[in-house]
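Containing compact mmCIF, C-alpha atoms: coords_10.txt.
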# COMPACT_ATOMS: atom_id res chain seq x y z
CA MET A 1 0.00 0.00 0.00
CA THR A 2 1.34 3.40 -0.93
CA ALA A 3 0.40 6.71 0.62
CA TRP A 4 -0.60 10.23 -0.37
CA VAL A 5 1.80 12.03 1.93
CA ALA A 6 4.35 14.81 1.83
CA GLY A 7 7.49 13.59 0.13
CA ALA A 8 5.64 11.01 -1.95
CA VAL A 9 6.65 10.70 -5.61
CA GLY A 10 4.35 9.89 -8.51
CA LEU A 11 4.47 9.30 -12.23
CA GLY A 12 2.04 10.20 -14.98
CA TRP A 13 0.17 7.04 -15.91
CA ARG A 14 0.31 6.38 -19.64
CA PRO A 15 -0.07 3.08 -21.46
CA GLU A 16 3.69 3.24 -21.99
CA THR A 17 4.46 3.67 -18.27
CA ALA A 18 1.81 1.29 -16.95
CA TRP A 19 4.39 -1.45 -16.41
CA LEU A 20 6.51 0.83 -14.22
CA CYS A 21 3.55 2.27 -12.33
CA GLY A 22 2.31 -1.27 -11.79
CA ASP A 23 5.43 -2.11 -9.84
CA GLY A 24 4.34 0.54 -7.33
CA ALA A 25 6.69 1.09 -4.45
CA ALA A 26 9.30 -1.21 -5.98
CA ALA A 27 9.80 1.36 -8.72
CA GLY A 28 9.44 4.35 -6.41
CA VAL A 29 5.95 5.27 -7.62
CA ASP A 30 3.66 6.22 -4.73
CA PHE A 31 0.78 7.62 -6.80
CA VAL A 32 -0.18 8.25 -10.42
CA GLU A 33 -2.03 10.84 -12.45
CA VAL A 34 -4.12 9.92 -15.46
CA LEU A 35 -5.12 12.19 -18.36
CA VAL A 36 -8.90 12.16 -18.46
CA GLU A 37 -9.17 13.05 -22.14
CA SER A 38 -6.86 10.18 -23.09
CA LEU A 39 -8.75 7.49 -21.18
CA PRO A 40 -11.00 5.30 -23.31
CA ARG A 41 -14.69 5.36 -22.47
CA GLY A 42 -16.00 2.32 -20.70
CA PRO A 43 -14.12 0.13 -18.22
CA LEU A 44 -10.76 1.33 -16.96
CA PRO A 45 -7.74 -0.14 -18.74
CA THR A 46 -6.79 -3.31 -16.90
CA PRO A 47 -3.40 -2.06 -15.60
CA LEU A 48 -5.02 1.09 -14.23
CA ALA A 49 -7.82 -0.88 -12.59
CA ALA A 50 -5.16 -3.05 -10.96
CA LEU A 51 -3.53 0.04 -9.47
CA VAL A 52 -6.87 1.20 -8.09
CA ASP A 53 -7.45 -2.25 -6.58
CA ALA A 54 -3.98 -2.13 -5.02
CA GLY A 55 -4.83 1.14 -3.29
CA VAL A 56 -2.49 3.35 -5.30
CA PRO A 57 -3.91 6.90 -5.35
CA VAL A 58 -4.95 7.89 -8.89
CA ILE A 59 -5.49 11.56 -9.73
CA PRO A 60 -7.61 12.37 -12.81
CA HIS A 61 -5.99 15.28 -14.62
CA GLY A 62 -7.97 17.26 -17.18
CA VAL A 63 -6.81 19.50 -20.02
CA GLY A 64 -10.13 20.33 -21.67
CA LEU A 65 -12.31 22.22 -19.21
CA GLY A 66 -10.89 25.62 -20.07
CA LEU A 67 -11.58 27.05 -16.62
CA ALA A 68 -10.16 30.41 -17.64
CA GLY A 69 -12.27 30.44 -20.78
CA ALA A 70 -14.98 32.95 -21.53
CA GLU A 71 -17.60 30.20 -21.47
CA PRO A 72 -18.57 28.33 -18.30
CA PRO A 73 -17.15 24.80 -18.20
CA SER A 74 -19.11 22.27 -20.22
CA PRO A 75 -21.46 20.11 -18.11
CA ALA A 76 -20.60 17.10 -20.27
CA ARG A 77 -16.87 17.53 -19.67
CA LEU A 78 -17.50 17.99 -15.95
CA ARG A 79 -19.60 14.81 -15.88
CA ARG A 80 -16.80 12.90 -17.57
CA LEU A 81 -14.24 14.22 -15.06
CA ALA A 82 -16.57 13.35 -12.18
CA ASP A 83 -17.20 9.85 -13.58
CA VAL A 84 -13.47 9.15 -13.86
CA ALA A 85 -12.91 10.47 -10.34
CA ARG A 86 -15.51 8.05 -9.00
CA ALA A 87 -14.18 5.15 -11.09
CA VAL A 88 -10.67 5.47 -9.69
CA GLY A 89 -11.69 6.54 -6.19
CA ALA A 90 -9.69 9.72 -6.59
CA PRO A 91 -8.87 11.91 -3.59
CA LEU A 92 -9.01 14.95 -5.90
CA VAL A 93 -8.95 15.98 -9.55
CA SER A 94 -6.81 18.61 -11.24
CA GLU A 95 -7.09 21.03 -14.15
CA HIS A 96 -5.45 24.20 -15.42
CA VAL A 97 -5.95 27.93 -15.23
CA ALA A 98 -6.14 28.32 -18.98
CA PHE A 99 -8.39 28.70 -21.96
CA VAL A 100 -8.38 26.04 -24.66
CA ARG A 101 -11.00 27.17 -27.17
CA GLY A 102 -12.36 30.34 -28.69
CA GLY A 103 -14.91 31.24 -31.30
CA GLY A 104 -16.24 27.70 -31.03
CA ARG A 105 -12.95 26.04 -31.98
CA GLU A 106 -10.49 23.93 -30.01
CA VAL A 107 -6.86 25.00 -29.90
CA GLU A 108 -5.64 21.73 -28.33
CA HIS A 109 -3.23 23.67 -26.18
CA LEU A 110 -3.38 25.47 -22.85
CA LEU A 111 -3.36 29.25 -23.32
CA PRO A 112 -2.99 32.05 -20.77
CA VAL A 113 -5.51 34.74 -19.86
CA PRO A 114 -4.82 38.30 -18.80
CA ARG A 115 -4.35 38.08 -15.02
CA THR A 116 -6.53 41.04 -14.16
CA ARG A 117 -8.98 41.31 -11.27
CA ALA A 118 -11.86 41.37 -13.75
CA VAL A 119 -10.74 38.13 -15.38
CA LEU A 120 -10.19 36.63 -11.94
CA ASP A 121 -13.89 37.23 -11.20
CA LEU A 122 -14.83 35.18 -14.26
CA VAL A 123 -12.39 32.39 -13.43
CA VAL A 124 -13.73 32.25 -9.87
CA ASP A 125 -17.24 31.82 -11.26
CA ASN A 126 -16.09 29.03 -13.60
CA VAL A 127 -14.23 27.26 -10.81
CA ARG A 128 -17.24 27.39 -8.48
CA ARG A 129 -19.40 25.85 -11.20
CA ALA A 130 -16.85 23.07 -11.62
CA GLN A 131 -16.60 22.47 -7.90
CA ASP A 132 -20.37 22.15 -7.67
CA ALA A 133 -20.29 19.38 -10.30
CA LEU A 134 -17.37 17.39 -8.94
CA PRO A 135 -17.49 14.79 -6.17
CA VAL A 136 -13.97 15.54 -4.92
CA PRO A 137 -11.80 18.65 -4.42
CA LEU A 138 -10.38 20.43 -7.47
CA ALA A 139 -6.72 21.47 -7.75
CA LEU A 140 -5.72 24.12 -10.28
CA GLU A 141 -2.40 24.29 -12.09
CA ASN A 142 -0.27 27.11 -13.47
CA ILE A 143 0.56 26.73 -17.16
CA ALA A 144 3.62 27.51 -19.23
CA ALA A 145 2.51 30.64 -21.06
CA LEU A 146 3.19 30.71 -24.80
CA PHE A 147 2.58 34.46 -24.84
CA GLY A 148 1.75 37.34 -22.56
CA TRP A 149 -1.06 39.88 -22.58
CA PRO A 150 -0.36 43.63 -22.64
CA ASP A 151 -2.89 44.59 -19.93
CA ALA A 152 -1.19 46.96 -17.51
CA ASP A 153 -3.30 45.99 -14.50
CA GLN A 154 -2.30 42.33 -14.25
CA VAL A 155 -1.30 40.80 -10.95
CA PRO A 156 1.63 38.39 -10.60
CA GLU A 157 0.70 34.76 -11.23
CA GLY A 158 1.40 33.57 -7.69
CA GLU A 159 -0.91 36.23 -6.27
CA PHE A 160 -3.55 35.42 -8.89
CA LEU A 161 -3.56 31.74 -7.88
CA ALA A 162 -3.46 32.53 -4.16
CA GLU A 163 -6.50 34.77 -4.58
CA LEU A 164 -8.25 32.08 -6.62
CA HIS A 165 -7.64 29.64 -3.77
CA ARG A 166 -8.83 32.14 -1.17
CA ARG A 167 -12.08 32.89 -2.99
CA THR A 168 -13.01 29.36 -4.11
CA GLY A 169 -11.28 27.05 -1.65
CA CYS A 170 -9.73 25.20 -4.59
CA ALA A 171 -6.46 23.42 -4.02
CA LEU A 172 -3.43 24.27 -6.13
CA LEU A 173 -1.14 22.16 -8.30
CA VAL A 174 2.15 23.94 -8.81
CA ASP A 175 3.93 22.88 -11.98
CA LEU A 176 7.59 23.65 -11.37
CA ALA A 177 8.49 22.92 -15.00
CA ASN A 178 5.97 25.49 -16.19
CA LEU A 179 7.32 27.94 -13.65
CA HIS A 180 10.81 27.31 -14.99
CA ALA A 181 9.56 27.76 -18.57
CA ASP A 182 8.01 31.13 -17.74
CA ARG A 183 11.17 32.19 -15.93
CA HIS A 184 13.26 31.27 -18.96
CA ASN A 185 10.94 32.60 -21.67
CA HIS A 186 9.37 35.65 -20.03
CA GLY A 187 11.69 36.52 -17.16
CA SER A 188 8.95 35.69 -14.65
CA ASP A 189 9.93 35.86 -10.99
CA ALA A 190 9.75 32.22 -9.84
CA GLU A 191 10.92 33.12 -6.36
CA ALA A 192 8.06 35.60 -5.94
CA PHE A 193 5.64 32.96 -7.23
CA LEU A 194 6.81 30.40 -4.68
CA ARG A 195 6.57 32.94 -1.87
CA ALA A 196 3.08 34.09 -2.88
CA ILE A 197 1.58 30.60 -2.98
CA PRO A 198 0.10 29.42 0.33
CA PRO A 199 1.95 26.09 0.75
CA ALA A 200 -0.88 24.47 2.70
CA ALA A 201 -3.14 24.96 -0.33
CA VAL A 202 -0.87 22.99 -2.64
CA ALA A 203 -2.08 19.43 -3.20
CA TYR A 204 0.91 18.33 -5.25
CA LEU A 205 3.69 19.47 -7.55
CA HIS A 206 4.59 18.65 -11.14
CA VAL A 207 8.09 18.34 -12.50
CA ALA A 208 8.99 17.53 -16.10
CA GLY A 209 11.65 17.83 -18.72
CA GLY A 210 11.96 20.13 -21.67
CA VAL A 211 14.35 21.46 -24.24
CA VAL A 212 15.62 24.84 -25.41
CA ARG A 213 15.12 25.53 -29.13
CA ASP A 214 16.15 28.85 -30.63
CA GLY A 215 16.44 30.28 -27.16
CA VAL A 216 12.90 29.28 -26.18
CA TYR A 217 12.32 26.69 -23.47
CA HIS A 218 9.73 24.13 -24.52
CA ASP A 219 8.00 22.12 -21.82
CA THR A 220 7.99 18.91 -23.86
CA HIS A 221 7.38 16.22 -21.24
CA ALA A 222 9.57 14.19 -23.58
CA HIS A 223 12.99 14.79 -22.05
CA PRO A 224 14.51 13.86 -18.69
CA VAL A 225 13.50 16.15 -15.85
CA ASP A 226 15.86 19.10 -16.01
CA ARG A 227 17.87 21.12 -13.60
CA GLY A 228 15.38 24.00 -13.68
CA SER A 229 12.54 21.91 -12.23
CA LEU A 230 14.79 20.27 -9.67
CA GLU A 231 16.26 23.59 -8.56
CA LEU A 232 12.77 24.93 -7.98
CA LEU A 233 11.85 21.78 -6.05
CA ALA A 234 14.86 22.32 -3.82
CA ARG A 235 13.89 25.96 -3.47
CA TRP A 236 10.36 24.94 -2.44
CA ARG A 237 11.85 22.76 0.26
CA ALA A 238 14.08 25.59 1.49
CA LEU A 239 11.14 27.99 1.66
CA HIS A 240 8.33 25.77 2.90
CA GLY A 241 9.83 22.51 4.19
CA THR A 242 9.00 19.03 2.92
CA PRO A 243 6.99 19.51 -0.26
CA PRO A 244 3.64 17.92 -0.95
CA PRO A 245 3.66 14.88 -3.27
CA VAL A 246 5.68 15.43 -6.45
CA LEU A 247 4.71 13.93 -9.81
CA LEU A 248 6.94 13.42 -12.84
CA GLU A 249 5.14 14.08 -16.13
CA ARG A 250 6.35 12.17 -19.17
CA ASP A 251 4.35 11.90 -22.37
CA ALA A 252 6.88 10.62 -24.89
CA ARG A 253 10.43 9.24 -25.26
CA PHE A 254 9.99 7.15 -22.14
CA GLY A 255 13.33 5.43 -22.49
CA PRO A 256 14.50 2.42 -20.49
CA ARG A 257 13.14 1.65 -17.04
CA ALA A 258 16.44 2.53 -15.38
CA GLY A 259 16.29 6.08 -16.68
CA LEU A 260 12.83 6.81 -15.32
CA GLU A 261 13.68 5.13 -12.04
CA ALA A 262 16.79 7.27 -11.70
CA GLU A 263 14.71 10.40 -12.28
CA LEU A 264 12.18 9.31 -9.66
CA THR A 265 14.99 8.60 -7.21
CA ALA A 266 16.54 12.02 -7.78
CA ILE A 267 13.17 13.72 -7.28
CA ALA A 268 12.50 11.78 -4.09
CA ALA A 269 15.93 12.64 -2.72
CA ILE A 270 15.37 16.36 -3.21
CA ALA A 271 11.79 16.24 -1.91
CA ARG A 272 12.84 14.34 1.21
CA GLY A 273 16.03 16.30 1.73
CA VAL A 274 18.36 13.32 1.62
CA PRO A 275 21.78 13.42 -0.05
CA HIS A 276 21.77 12.10 -3.58
CA ALA A 277 24.46 11.89 -6.20
CA ALA A 278 22.60 13.52 -9.11
CA MET B 1 -14.39 42.43 -17.96
CA ARG B 2 -17.56 40.81 -19.22
CA ARG B 3 -17.66 37.30 -20.62
CA ASP B 4 -18.36 38.57 -24.13
CA GLU B 5 -15.31 40.84 -24.00
CA LEU B 6 -13.08 37.99 -22.88
CA ALA B 7 -14.66 35.74 -25.50
CA ALA B 8 -13.76 38.23 -28.24
CA ARG B 9 -10.16 38.43 -27.08
CA GLN B 10 -9.81 34.67 -26.84
CA ALA B 11 -11.47 34.14 -30.23
CA ALA B 12 -9.00 36.59 -31.76
CA VAL B 13 -6.08 34.58 -30.39
CA VAL B 14 -7.59 31.34 -31.68
CA ALA B 15 -8.12 32.84 -35.13
CA ALA B 16 -4.53 34.05 -35.15
CA LEU B 17 -3.21 30.63 -34.16
CA LEU B 18 -5.41 28.49 -36.40
CA ASP B 19 -6.05 30.73 -39.40
CA GLY B 20 -2.98 32.93 -39.43
CA ALA B 21 -5.05 36.03 -38.69
CA PRO B 22 -3.17 39.01 -37.25
CA ALA B 23 -2.39 38.72 -33.54
CA PRO B 24 -4.32 40.98 -31.17
CA ALA B 25 -2.58 44.29 -30.47
CA GLY B 26 0.30 43.92 -28.07
CA VAL B 27 0.32 40.12 -28.18
CA ASP B 28 3.35 38.35 -29.65
CA LEU B 29 2.21 34.96 -30.94
CA ALA B 30 5.37 33.98 -32.81
CA VAL B 31 6.31 31.16 -30.44
CA ALA B 32 2.69 30.12 -29.88
CA ARG B 33 2.11 29.72 -33.62
CA GLN B 34 5.06 27.29 -33.84
CA VAL B 35 4.19 25.29 -30.75
CA VAL B 36 0.47 25.02 -31.41
CA GLY B 37 1.02 24.15 -35.05
CA ARG B 38 3.49 21.40 -34.19
CA LYS B 39 1.28 20.01 -31.44
CA ARG B 40 -1.86 19.95 -33.58
CA ALA B 41 0.03 18.12 -36.33
CA HIS B 42 1.31 15.60 -33.78
CA LEU B 43 -2.17 15.06 -32.33
CA ALA B 44 -3.68 14.62 -35.79
CA ALA B 45 -1.06 11.97 -36.63
CA ASP B 46 -1.74 10.27 -33.31
CA ARG B 47 -5.48 10.17 -34.02
CA ARG B 48 -4.83 8.66 -37.46
CA ARG B 49 -2.59 6.03 -35.89
CA ARG B 50 -5.17 5.18 -33.21
CA GLY B 51 -7.85 5.05 -35.88
CA ARG B 52 -5.86 2.50 -37.86
CA TRP B 53 -5.38 0.34 -34.76
CA ALA B 54 -9.07 0.63 -33.91
CA ARG B 55 -9.93 -0.64 -37.40
CA VAL B 56 -7.46 -3.53 -37.06
CA ILE B 57 -8.87 -4.49 -33.66
CA ALA B 58 -12.44 -4.29 -34.96
CA TRP B 59 -11.48 -6.53 -37.90
CA MET B 60 -9.81 -9.05 -35.58
CA ARG B 61 -12.91 -9.18 -33.38
CA THR B 62 -15.08 -9.74 -36.41
CA VAL B 63 -12.87 -12.56 -37.64
CA THR B 64 -12.73 -14.14 -34.17
CA ALA B 65 -16.50 -13.92 -33.75
CA ARG B 66 -17.03 -15.49 -37.19
CA ARG B 67 -14.61 -18.31 -36.32
CA ASP B 68 -16.33 -18.97 -32.99
CA ARG B 69 -19.81 -19.11 -34.45
Could you write out this structure as structure tokens?
Amino acid sequence: MTAWVAGAVGLGWRPETAWLCGDGAAAGVDFVEVLVESLPRGPLPTPLAALVDAGVPVIPHGVGLGLAGAEPPSPARLRRLADVARAVGAPLVSEHVAFVRGGGREVEHLLPVPRTRAVLDLVVDNVRRAQDALPVPLALENIAALFGWPDADQVPEGEFLAELHRRTGCALLVDLANLHADRHNHGSDAEAFLRAIPPAAVAYLHVAGGVVRDGVYHDTHAHPVDRGSLELLARWRALHGTPPPVLLERDARFGPRAGLEAELTAIAAIARGVPHAA
Amino acid sequence: MRRDELAARQAAVVAALLDGAPAPAGVDLAVARQVVGRKRAHLAADRRRRGRWARVIAWMRTVTARRDR
């Protein structure tokens, strides 16, 4: 039996990582996160159902609600998220502070909104609607912004999320890789972000790998977790103590088992504050 | 900001990313155009691949059911 506790380490469940997740604690995987939009309708895939039966916490993670969109979240999408949460016995579900469609069309990517007080009011309304439709708490994640808005009255992202938490009671999911991407690409102040976030509100953290192309950091989830994410994880620990559970996201180029296990070991060592030869 | 105002701004970004329309004033979409374009192409290829497998699996089930009748 694994546990949802501070210092726990998880891995994104994908068909390609099911074998590693299935080894549970033996592979250093304390919990998993599953992409709701990628799950087939109907019964859970057998390896995922086996994890649920074994008591491994499974977090449904959505990318399609568009909680920072101009339209309220779709009841059908919320029902699907709720159904998956019930099917896996999830302790919570997570989504993003982003918009994903406009003018009736899907972008298939997470896009940023202007972080103004007026937009915050709309996001708060969307989040409350989602919370009303979900059987478990909702955690909201910061995205890696592909562009910025010119609005002069925007508040820093950490304050925006802290206020969203204060007004809705939502939990937060801090993606350290996205924070690193914004620091690299836009000069965002990651330190100020980490200080603005109320640590007790953070359900878990994401780390991931990426690559720099033409001077732009791309959060690919297809490369080994990089120094930027791990530095921010260490910084979290220095600021707030033992971090909440940390999850490694990997969507492609999974590589051999030993590589992923080494990444999980390095993450656990930093999260738990034990010496590790990186 | 009202919902319709935000909707207009978001629709303008989507049109810029998907149709190549001009970016909204003050918004630099150069990187976003590359990333979104690459991702949509990847997702489309993935859907085609999954579709092929779904057809193969459906064919195998049909053959198996016919054999077992």
Exercise: Leu232 in chain A partners within 12 Å, all atoms listed in the file, chain neighbours under 5 positions left out, as an MDAnalysis selection string: chainID A and resid 174:181 183 189:195 205:208 225:227 237:240 243 246 267 270:271
Within 6 Å of chain A: residues of chain B, using all atoms listed in the file, as number ranges by chain: B: 1, 3, 6-7, 10-11, 14, 26-27, 32
Minimum-distance residue to Val13 in chain B, chosen among B:Asp46, B:Val63, B:Ile57, B:Ala25 (using only C-alpha atoms):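 Comparing B:Asp46, B:Val63, B:Ile57, B:Ala25 against Val13 in chain B, the winner is B:Ala25.
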Best match for closeness to Gly28 in chain A among A:Val9, A:Leu233, A:Ala98, A:Val211, counting only C-alpha atoms: A:Val9
Proximity to Leu18 in chain B - best of B:His42, B:Arg33, B:Arg55, B:Arg47, all atoms listed in the file: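 Ranked by minimum distance to Leu18 in chain B, first place goes to B:Arg33.
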Test item: residues at most 6 Å from Leu173 in chain A, only C-alpha atoms, excluding those fewer than 2 positions along its chain, as a PyMOL selection string: chain A and resi 139-141+202-205
Val124 in chain A environment, 8 Å, only C-alpha atoms, sequence neighbours closer than 3 positions dropped, as a list in words: Leu120, Asp121, Val127, Arg128, Leu164, Arg167 and Thr168 of chain A
